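**Student:** Okay, so here is data.pdb, and as you'll see once you scroll down, it has PDB, C-alpha atoms.
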```
ATOM      1  CA  MET J   1      26.457  40.552  40.872
ATOM      2  CA  ARG J   2      27.755  39.876  37.396
ATOM      3  CA  GLU J   3      27.395  36.106  37.925
ATOM      4  CA  LEU J   4      23.820  36.540  39.122
ATOM      5  CA  ALA J   5      22.967  38.530  35.993
ATOM      6  CA  TRP J   6      24.613  35.898  33.804
ATOM      7  CA  ASP J   7      22.598  33.102  35.521
ATOM      8  CA  PHE J   8      19.425  35.072  34.888
ATOM      9  CA  VAL J   9      20.254  35.458  31.163
ATOM     10  CA  ARG J  10      21.074  31.762  30.773
ATOM     11  CA  GLY J  11      17.823  30.771  32.492
ATOM     12  CA  PHE J  12      15.866  33.227  30.373
ATOM     13  CA  VAL J  13      17.350  31.852  27.135
ATOM     14  CA  ARG J  14      17.188  28.170  28.121
ATOM     15  CA  TRP J  15      13.356  27.905  28.199
ATOM     16  CA  PRO J  16      12.700  29.250  24.694
ATOM     17  CA  LEU J  17      15.478  27.062  23.298
ATOM     18  CA  THR J  18      14.028  24.017  25.054
ATOM     19  CA  LEU J  19      10.549  24.787  23.720
ATOM     20  CA  PHE J  20      11.961  25.340  20.238
ATOM     21  CA  ALA J  21      13.813  22.002  20.386
ATOM     22  CA  LEU J  22      10.647  20.172  21.498
ATOM     23  CA  PHE J  23       8.648  21.821  18.732
ATOM     24  CA  ALA J  24      11.306  20.852  16.157
ATOM     25  CA  ILE J  25      11.280  17.230  17.341
ATOM     26  CA  MET J  26       7.470  17.077  17.177
ATOM     27  CA  ALA J  27       7.451  18.619  13.697
ATOM     28  CA  ALA J  28      10.086  16.146  12.465
ATOM     29  CA  TRP J  29       8.113  13.228  13.928
ATOM     30  CA  GLU J  30       4.911  14.366  12.188
ATOM     31  CA  TRP J  31       6.759  14.854   8.898
ATOM     32  CA  LEU J  32       8.255  11.343   9.054
ATOM     33  CA  ARG J  33       4.856   9.864   9.919
ATOM     34  CA  SER J  34       3.242  11.602   6.938
ATOM     35  CA  LEU J  35       6.008  10.300   4.648
ATOM     36  CA  GLY J  36       5.271   6.762   5.835
ATOM     37  CA  GLU J  37       1.547   7.173   5.246
ATOM     38  CA  ARG J  38       2.156   8.625   1.787
ATOM     39  CA  ALA J  39       4.475   5.734   0.897
ATOM     40  CA  LYS J  40       1.879   3.221   2.088
ATOM     41  CA  ALA J  41      -0.837   4.911   0.025
ATOM     42  CA  ASP J  42       1.434   4.931  -3.051
ATOM     43  CA  THR J  43       2.167   1.222  -2.596
ATOM     44  CA  GLU J  44      -1.531   0.420  -2.255
ATOM     45  CA  ARG J  45      -2.403   2.449  -5.367
ATOM     46  CA  ALA J  46       0.317   0.662  -7.349
ATOM     47  CA  LEU J  47      -0.955  -2.745  -6.184
ATOM     48  CA  ASP J  48      -4.534  -1.738  -7.015
ATOM     49  CA  ALA J  49      -3.499  -0.644 -10.504
ATOM     50  CA  TRP J  50      -1.564  -3.875 -11.103
ATOM     51  CA  GLY J  51      -4.375  -6.034  -9.708
ATOM     52  CA  ALA J  52      -7.036  -4.233 -11.730
ATOM     53  CA  HIS J  53      -4.982  -4.435 -14.924
ATOM     54  CA  GLU J  54      -4.244  -8.152 -14.593
ATOM     55  CA  LEU J  55      -7.753  -9.102 -13.466
ATOM     56  CA  ALA J  56      -9.360  -7.056 -16.261
ATOM     57  CA  ASP J  57      -7.001  -8.640 -18.773
ATOM     58  CA  PHE J  58      -7.863 -12.116 -17.478
ATOM     59  CA  VAL J  59     -11.662 -11.771 -17.421
ATOM     60  CA  CYS J  60     -11.796  -9.880 -20.729
ATOM     61  CA  THR J  61     -10.051 -12.668 -22.615
ATOM     62  CA  ARG J  62     -13.032 -14.813 -21.728
ATOM     63  CA  ARG J  63     -16.137 -12.661 -22.254
ATOM     64  CA  VAL J  64     -15.897  -8.873 -22.419
ATOM     65  CA  SER J  65     -14.002  -7.001 -25.087
ATOM     66  CA  ASN J  66     -13.737  -3.598 -23.373
ATOM     67  CA  ARG J  67     -10.828  -4.179 -20.986
ATOM     68  CA  ALA J  68     -10.413  -0.457 -20.195
ATOM     69  CA  ARG J  69     -14.027  -0.263 -18.977
ATOM     70  CA  VAL J  70     -13.601  -3.327 -16.752
ATOM     71  CA  GLU J  71     -10.309  -1.982 -15.380
ATOM     72  CA  ALA J  72     -11.964   1.365 -14.590
ATOM     73  CA  VAL J  73     -14.709  -0.434 -12.639
ATOM     74  CA  LEU J  74     -12.122  -2.478 -10.745
ATOM     75  CA  LEU J  75     -10.402   0.783  -9.756
ATOM     76  CA  GLY J  76     -13.611   2.333  -8.404
ATOM     77  CA  ALA J  77     -15.703   3.653 -11.311
ATOM     78  CA  ARG J  78     -19.387   2.884 -10.868
ATOM     79  CA  ASP J  79     -21.060   0.616 -13.437
ATOM     80  CA  ALA J  80     -23.803  -1.547 -11.941
ATOM     81  CA  GLU J  81     -23.945  -3.875 -14.949
ATOM     82  CA  LEU J  82     -20.220  -4.671 -14.928
ATOM     83  CA  GLU J  83     -20.108  -4.899 -11.116
ATOM     84  CA  ALA J  84     -22.919  -7.477 -11.212
ATOM     85  CA  TRP J  85     -21.131  -9.399 -13.979
ATOM     86  CA  LEU J  86     -17.838  -9.439 -12.031
ATOM     87  CA  ASP J  87     -19.683 -10.738  -8.960
ATOM     88  CA  GLU J  88     -21.498 -13.325 -11.082
ATOM     89  CA  ILE J  89     -18.308 -14.775 -12.538
ATOM     90  CA  GLY J  90     -16.576 -14.721  -9.146
ATOM     91  CA  ALA J  91     -13.731 -12.457 -10.259
ATOM     92  CA  GLY J  92     -11.032 -11.887  -7.669
ATOM     93  CA  ALA J  93      -7.341 -12.016  -6.906
ATOM     94  CA  ASP J  94      -4.896 -13.089  -4.205
ATOM     95  CA  LEU J  95      -1.542 -11.457  -3.486
ATOM     96  CA  THR J  96       1.392 -13.498  -2.200
ATOM     97  CA  TRP J  97       4.918 -12.424  -1.342
ATOM     98  CA  GLU J  98       7.778 -14.901  -1.090
ATOM     99  CA  ARG J  99      10.853 -13.607   0.701
ATOM    100  CA  ARG J 100      14.008 -13.260  -1.367
ATOM    101  CA  ASP J 101      17.496 -11.962  -0.509
ATOM    102  CA  HIS J 102      16.861  -8.345  -1.499
ATOM    103  CA  GLY J 103      13.073  -8.151  -1.437
ATOM    104  CA  ALA J 104      10.332 -10.511  -2.465
ATOM    105  CA  LEU J 105       8.714 -12.297  -5.358
ATOM    106  CA  GLU J 106       5.271 -10.732  -5.555
ATOM    107  CA  SER J 107       2.654 -13.008  -7.104
ATOM    108  CA  LEU J 108      -0.860 -12.079  -8.114
ATOM    109  CA  ARG J 109      -3.276 -14.923  -8.768
ATOM    110  CA  VAL J 110      -6.304 -13.680 -10.666
ATOM    111  CA  PHE J 111      -9.297 -15.958 -10.884
ATOM    112  CA  SER J 112     -12.909 -16.428 -11.840
ATOM    113  CA  ARG J 113     -15.163 -19.446 -11.912
ATOM    114  CA  ASP J 114     -13.642 -20.298 -15.329
ATOM    115  CA  GLY J 115     -10.084 -20.704 -14.051
ATOM    116  CA  HIS J 116      -7.076 -18.747 -12.858
ATOM    117  CA  ARG J 117      -3.732 -17.289 -13.921
ATOM    118  CA  THR J 118      -0.713 -16.231 -11.872
ATOM    119  CA  VAL J 119       1.626 -13.380 -12.718
ATOM    120  CA  ALA J 120       4.716 -12.515 -10.701
ATOM    121  CA  ARG J 121       7.378  -9.848 -10.426
ATOM    122  CA  GLU J 122      10.355  -9.111  -8.188
ATOM    123  CA  ARG J 123       9.888  -6.255  -5.711
ATOM    124  CA  PRO J 124      12.593  -4.581  -3.589
ATOM    125  CA  TRP J 125      12.115  -4.506   0.185
ATOM    126  CA  ASP J 126      11.247  -0.794   0.352
ATOM    127  CA  GLU J 127       8.410  -1.182  -2.172
ATOM    128  CA  LEU J 128       6.668  -4.014  -0.326
ATOM    129  CA  PRO J 129       3.437  -3.284   1.517
ATOM    130  CA  SER J 130       3.657  -3.082   5.293
ATOM    131  CA  GLU J 131       1.784  -6.404   5.726
ATOM    132  CA  ALA J 132       4.452  -8.295   3.787
ATOM    133  CA  ARG J 133       7.361  -6.594   5.563
ATOM    134  CA  ALA J 134       5.769  -7.270   8.961
ATOM    135  CA  ALA J 135       5.345 -10.963   8.115
ATOM    136  CA  PHE J 136       8.977 -11.224   6.973
ATOM    137  CA  LEU J 137      10.202  -9.468  10.118
ATOM    138  CA  ARG J 138       8.274 -12.047  12.180
ATOM    139  CA  GLY J 139      10.281 -14.714  10.353
ATOM    140  CA  ASP J 140       7.622 -15.885   7.895
ATOM    141  CA  ALA J 141       8.887 -17.001   4.482
ATOM    142  CA  THR J 142       5.665 -15.985   2.711
ATOM    143  CA  ALA J 143       2.796 -13.570   3.234
ATOM    144  CA  SER J 144      -0.603 -13.627   1.527
ATOM    145  CA  VAL J 145      -3.659 -11.405   1.415
ATOM    146  CA  PRO J 146      -6.762 -11.483  -0.758
ATOM    147  CA  TRP J 147      -6.734  -8.496  -3.084
ATOM    148  CA  GLN J 148      -9.954  -6.570  -2.730
ATOM    149  CA  ALA J 149     -10.689  -4.306  -5.671
ATOM    150  CA  PRO J 150     -11.371  -0.689  -4.667
ATOM    151  CA  TRP J 151     -14.932  -0.858  -6.028
ATOM    152  CA  ARG J 152     -15.638  -3.545  -3.451
ATOM    153  CA  GLY J 153     -14.422  -1.226  -0.716
ATOM    154  CA  GLY J 154     -10.922  -2.547  -0.232
ATOM    155  CA  ALA J 155      -7.322  -2.385  -1.234
ATOM    156  CA  ALA J 156      -4.325  -4.624  -1.141
TER
END
```
How would this structure read if it were set down as structure tokens?
**Tutor:**
Amino acid sequence: MRELAWDFVRGFVRWPLTLFALFAIMAAWEWLRSLGERAKADTERALDAWGAHELADFVCTRRVSNRARVEAVLLGARDAELEAWLDEIGAGADLTWERRDHGALESLRVFSRDGHRTVARERPWDELPSEARAAFLRGDATASVPWQAPWRGGAA
């Protein structure tokens, strides 16, 4: 009789523990997924800020003196006059990553109809955007994407 009672207690305790374990696993999975999404968003914001800064610096050396205003428009502020001017001069940028031992050389080529300029910086593996890491994992030596300024509805 004692063994029967003990089997009943073990069975009674096993189901809540199993449900608790499943809930804990699901919660951990969701937490890790949200961390990945947050990291991706942070990387995209950093690339947007860098792209906007460099592109504003490049186009303002040619025609406009208010670099902060141009940079704000490139990051999403609305200014129909500046947006039309940026479209008119063909302002844009391309991002390229070249695989290195411990990360990548990240290059940003900013351009307009008047010319172009390239700036580069080293980036560690964990700070690269997912597109670049995926290309490197496939075995590619380089990865490239056009940088779309947030005001045009895109991101790196």
**Student:** Would you compute the distance between CA of Trp31 in chain J and CA of Leu19 in chain J? Give it in Å to one decimal.
**Tutor:**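 Between CA of Trp31 in chain J and CA of Leu19 in chain J the gap is 18.2 Å.
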**Student:** Assuming the chain letters and numbering stay as they are in my file, what does the PyMOL selection byres ((chain J and resi 75) around 8) actually select? List them as a list in words.
**Tutor:**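 Taken over the shown coordinates, the PyMOL selection byres ((chain J and resi 75) around 8) returns Asp48, Ala49, Ala52, Glu71, Ala72, Val73, Leu74, Gly76, Ala77, Ala149, Pro150 and Trp151 of chain J.
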**Student:** Just the selected residues (C-alpha atoms), exported as a PDB file, in the coordinates of the input, please.
**Tutor:**
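Here's the written file result-v6.pdb:
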```pdb
ATOM      1  CA  ASP J  48      -4.534  -1.738  -7.015  1.00  0.00           C
ATOM      2  CA  ALA J  49      -3.499  -0.644 -10.504  1.00  0.00           C
ATOM      3  CA  ALA J  52      -7.036  -4.233 -11.730  1.00  0.00           C
ATOM      4  CA  GLU J  71     -10.309  -1.982 -15.380  1.00  0.00           C
ATOM      5  CA  ALA J  72     -11.964   1.365 -14.590  1.00  0.00           C
ATOM      6  CA  VAL J  73     -14.709  -0.434 -12.639  1.00  0.00           C
ATOM      7  CA  LEU J  74     -12.122  -2.478 -10.745  1.00  0.00           C
ATOM      8  CA  GLY J  76     -13.611   2.333  -8.404  1.00  0.00           C
ATOM      9  CA  ALA J  77     -15.703   3.653 -11.311  1.00  0.00           C
ATOM     10  CA  ALA J 149     -10.689  -4.306  -5.671  1.00  0.00           C
ATOM     11  CA  PRO J 150     -11.371  -0.689  -4.667  1.00  0.00           C
ATOM     12  CA  TRP J 151     -14.932  -0.858  -6.028  1.00  0.00           C
TER      13      TRP J 151
END
```
**Student:** Quick one: distance from CA of Ala68 in chain J to CA of Phe111 in chain J in Å, one decimal?
**Tutor:** 18.1 Å
**Student:** Give as a PDB file with C-alpha atoms, in the coordinates of the input each residue that has an atom at most 8 Å from (-6.9, -10.3, 1.7) in the file, counting all atoms listed in the file.
**Tutor:**
```pdb
ATOM      1  CA  ASP J  94      -4.896 -13.089  -4.205  1.00  0.00           C
ATOM      2  CA  LEU J  95      -1.542 -11.457  -3.486  1.00  0.00           C
ATOM      3  CA  SER J 144      -0.603 -13.627   1.527  1.00  0.00           C
ATOM      4  CA  VAL J 145      -3.659 -11.405   1.415  1.00  0.00           C
ATOM      5  CA  PRO J 146      -6.762 -11.483  -0.758  1.00  0.00           C
ATOM      6  CA  TRP J 147      -6.734  -8.496  -3.084  1.00  0.00           C
ATOM      7  CA  GLN J 148      -9.954  -6.570  -2.730  1.00  0.00           C
ATOM      8  CA  ALA J 156      -4.325  -4.624  -1.141  1.00  0.00           C
TER       9      ALA J 156
END
```
**Student:** Name the residues that the PyMOL selection byres ((chain J and resi 113) around 8) picks from the file above, as a ChimeraX atom specification, using the file's chain letters and numbers.
**Tutor:** /J:89-91,111-112,114-115
**Student:** Do you have the CA of Trp97 in chain J-CA of Ala143 in chain J distance handy?
**Tutor:**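 Between these atoms lies a distance of 5.2 Å.
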**Student:** What do you get, as a PyMOL selection string, if you spell out every residue that the PyMOL selection byres ((chain J and resi 106-109) around 8) selects here?
**Tutor:** chain J and resi 51+93-98+104-105+110-111+116-123
**Student:** Could you give me, as an mmCIF file with C-alpha atoms, in the coordinates of the input, the residues within 10 Å of Phe136 in chain J, counting only C-alpha atoms and dropping anything in the same chain fewer than 2 positions from it?
**Tutor:**
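Dumped everything to around-v4.cif:
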```
data_model
loop_
_atom_site.group_PDB
_atom_site.id
_atom_site.type_symbol
_atom_site.label_atom_id
_atom_site.label_comp_id
_atom_site.auth_asym_id
_atom_site.auth_seq_id
_atom_site.Cartn_x
_atom_site.Cartn_y
_atom_site.Cartn_z
ATOM 1 C CA TRP J 97 4.918 -12.424 -1.342
ATOM 2 C CA GLU J 98 7.778 -14.901 -1.090
ATOM 3 C CA ARG J 99 10.853 -13.607 0.701
ATOM 4 C CA ARG J 100 14.008 -13.260 -1.367
ATOM 5 C CA GLY J 103 13.073 -8.151 -1.437
ATOM 6 C CA ALA J 104 10.332 -10.511 -2.465
ATOM 7 C CA SER J 130 3.657 -3.082 5.293
ATOM 8 C CA GLU J 131 1.784 -6.404 5.726
ATOM 9 C CA ALA J 132 4.452 -8.295 3.787
ATOM 10 C CA ARG J 133 7.361 -6.594 5.563
ATOM 11 C CA ALA J 134 5.769 -7.270 8.961
ATOM 12 C CA ARG J 138 8.274 -12.047 12.180
ATOM 13 C CA GLY J 139 10.281 -14.714 10.353
ATOM 14 C CA ASP J 140 7.622 -15.885 7.895
ATOM 15 C CA ALA J 141 8.887 -17.001 4.482
ATOM 16 C CA THR J 142 5.665 -15.985 2.711
ATOM 17 C CA ALA J 143 2.796 -13.570 3.234
#
```
**Student:** With only C-alpha atoms as the atoms that count, which of J:Ala80, J:Ala39, J:Ala21, J:Ala28 lies nearest to Glu127 in chain J?
**Tutor:** J:Ala39
**Student:** Tell me which of J:Asp42, J:Glu3, J:Asp79, J:Glu88 sits closest to Leu128 in chain J, counting only C-alpha atoms.
**Tutor:** J:Asp42
**Student:** Just add N, CA and C atoms to range 120-139 of chain J and send it as a PDB file, keeping the file's coordinate frame.
**Tutor:**
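That gives us out.pdb:
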```
ATOM      1  N   ALA J 120       3.792 -12.818 -11.794  1.00  0.00           N
ATOM      2  CA  ALA J 120       4.716 -12.515 -10.701  1.00  0.00           C
ATOM      3  C   ALA J 120       5.749 -11.496 -11.152  1.00  0.00           C
ATOM      4  N   ARG J 121       6.304 -10.814 -10.172  1.00  0.00           N
ATOM      5  CA  ARG J 121       7.378  -9.848 -10.426  1.00  0.00           C
ATOM      6  C   ARG J 121       8.207  -9.710  -9.155  1.00  0.00           C
ATOM      7  N   GLU J 122       9.461  -9.363  -9.335  1.00  0.00           N
ATOM      8  CA  GLU J 122      10.355  -9.111  -8.188  1.00  0.00           C
ATOM      9  C   GLU J 122      10.089  -7.712  -7.660  1.00  0.00           C
ATOM     10  N   ARG J 123      10.085  -7.566  -6.323  1.00  0.00           N
ATOM     11  CA  ARG J 123       9.888  -6.255  -5.711  1.00  0.00           C
ATOM     12  C   ARG J 123      10.960  -6.039  -4.651  1.00  0.00           C
ATOM     13  N   PRO J 124      11.613  -4.869  -4.641  1.00  0.00           N
ATOM     14  CA  PRO J 124      12.593  -4.581  -3.589  1.00  0.00           C
ATOM     15  C   PRO J 124      11.891  -4.382  -2.244  1.00  0.00           C
ATOM     16  N   TRP J 125      12.635  -4.574  -1.181  1.00  0.00           N
ATOM     17  CA  TRP J 125      12.115  -4.506   0.185  1.00  0.00           C
ATOM     18  C   TRP J 125      11.337  -3.219   0.447  1.00  0.00           C
ATOM     19  N   ASP J 126      11.883  -2.070   0.024  1.00  0.00           N
ATOM     20  CA  ASP J 126      11.247  -0.794   0.352  1.00  0.00           C
ATOM     21  C   ASP J 126       9.974  -0.522  -0.437  1.00  0.00           C
ATOM     22  N   GLU J 127       9.645  -1.345  -1.423  1.00  0.00           N
ATOM     23  CA  GLU J 127       8.410  -1.182  -2.172  1.00  0.00           C
ATOM     24  C   GLU J 127       7.338  -2.186  -1.756  1.00  0.00           C
ATOM     25  N   LEU J 128       7.648  -3.038  -0.786  1.00  0.00           N
ATOM     26  CA  LEU J 128       6.668  -4.014  -0.326  1.00  0.00           C
ATOM     27  C   LEU J 128       5.649  -3.343   0.592  1.00  0.00           C
ATOM     28  N   PRO J 129       4.414  -3.826   0.582  1.00  0.00           N
ATOM     29  CA  PRO J 129       3.437  -3.284   1.517  1.00  0.00           C
ATOM     30  C   PRO J 129       3.796  -3.659   2.955  1.00  0.00           C
ATOM     31  N   SER J 130       3.294  -2.885   3.881  1.00  0.00           N
ATOM     32  CA  SER J 130       3.657  -3.082   5.293  1.00  0.00           C
ATOM     33  C   SER J 130       3.280  -4.476   5.798  1.00  0.00           C
ATOM     34  N   GLU J 131       2.189  -5.062   5.281  1.00  0.00           N
ATOM     35  CA  GLU J 131       1.784  -6.404   5.726  1.00  0.00           C
ATOM     36  C   GLU J 131       2.851  -7.439   5.392  1.00  0.00           C
ATOM     37  N   ALA J 132       3.415  -7.337   4.202  1.00  0.00           N
ATOM     38  CA  ALA J 132       4.452  -8.295   3.787  1.00  0.00           C
ATOM     39  C   ALA J 132       5.723  -8.094   4.599  1.00  0.00           C
ATOM     40  N   ARG J 133       6.151  -6.846   4.776  1.00  0.00           N
ATOM     41  CA  ARG J 133       7.361  -6.594   5.563  1.00  0.00           C
ATOM     42  C   ARG J 133       7.189  -7.070   6.996  1.00  0.00           C
ATOM     43  N   ALA J 134       6.013  -6.837   7.580  1.00  0.00           N
ATOM     44  CA  ALA J 134       5.769  -7.270   8.961  1.00  0.00           C
ATOM     45  C   ALA J 134       5.853  -8.792   9.067  1.00  0.00           C
ATOM     46  N   ALA J 135       5.284  -9.493   8.099  1.00  0.00           N
ATOM     47  CA  ALA J 135       5.345 -10.963   8.115  1.00  0.00           C
ATOM     48  C   ALA J 135       6.787 -11.441   8.004  1.00  0.00           C
ATOM     49  N   PHE J 136       7.584 -10.821   7.134  1.00  0.00           N
ATOM     50  CA  PHE J 136       8.977 -11.224   6.973  1.00  0.00           C
ATOM     51  C   PHE J 136       9.789 -10.915   8.225  1.00  0.00           C
ATOM     52  N   LEU J 137       9.495  -9.804   8.880  1.00  0.00           N
ATOM     53  CA  LEU J 137      10.202  -9.468  10.118  1.00  0.00           C
ATOM     54  C   LEU J 137       9.861 -10.442  11.242  1.00  0.00           C
ATOM     55  N   ARG J 138       8.656 -11.018  11.201  1.00  0.00           N
ATOM     56  CA  ARG J 138       8.274 -12.047  12.180  1.00  0.00           C
ATOM     57  C   ARG J 138       8.966 -13.370  11.886  1.00  0.00           C
ATOM     58  N   GLY J 139       9.587 -13.481  10.712  1.00  0.00           N
ATOM     59  CA  GLY J 139      10.281 -14.714  10.353  1.00  0.00           C
ATOM     60  C   GLY J 139       9.538 -15.562   9.347  1.00  0.00           C
TER      61      GLY J 139
END
```
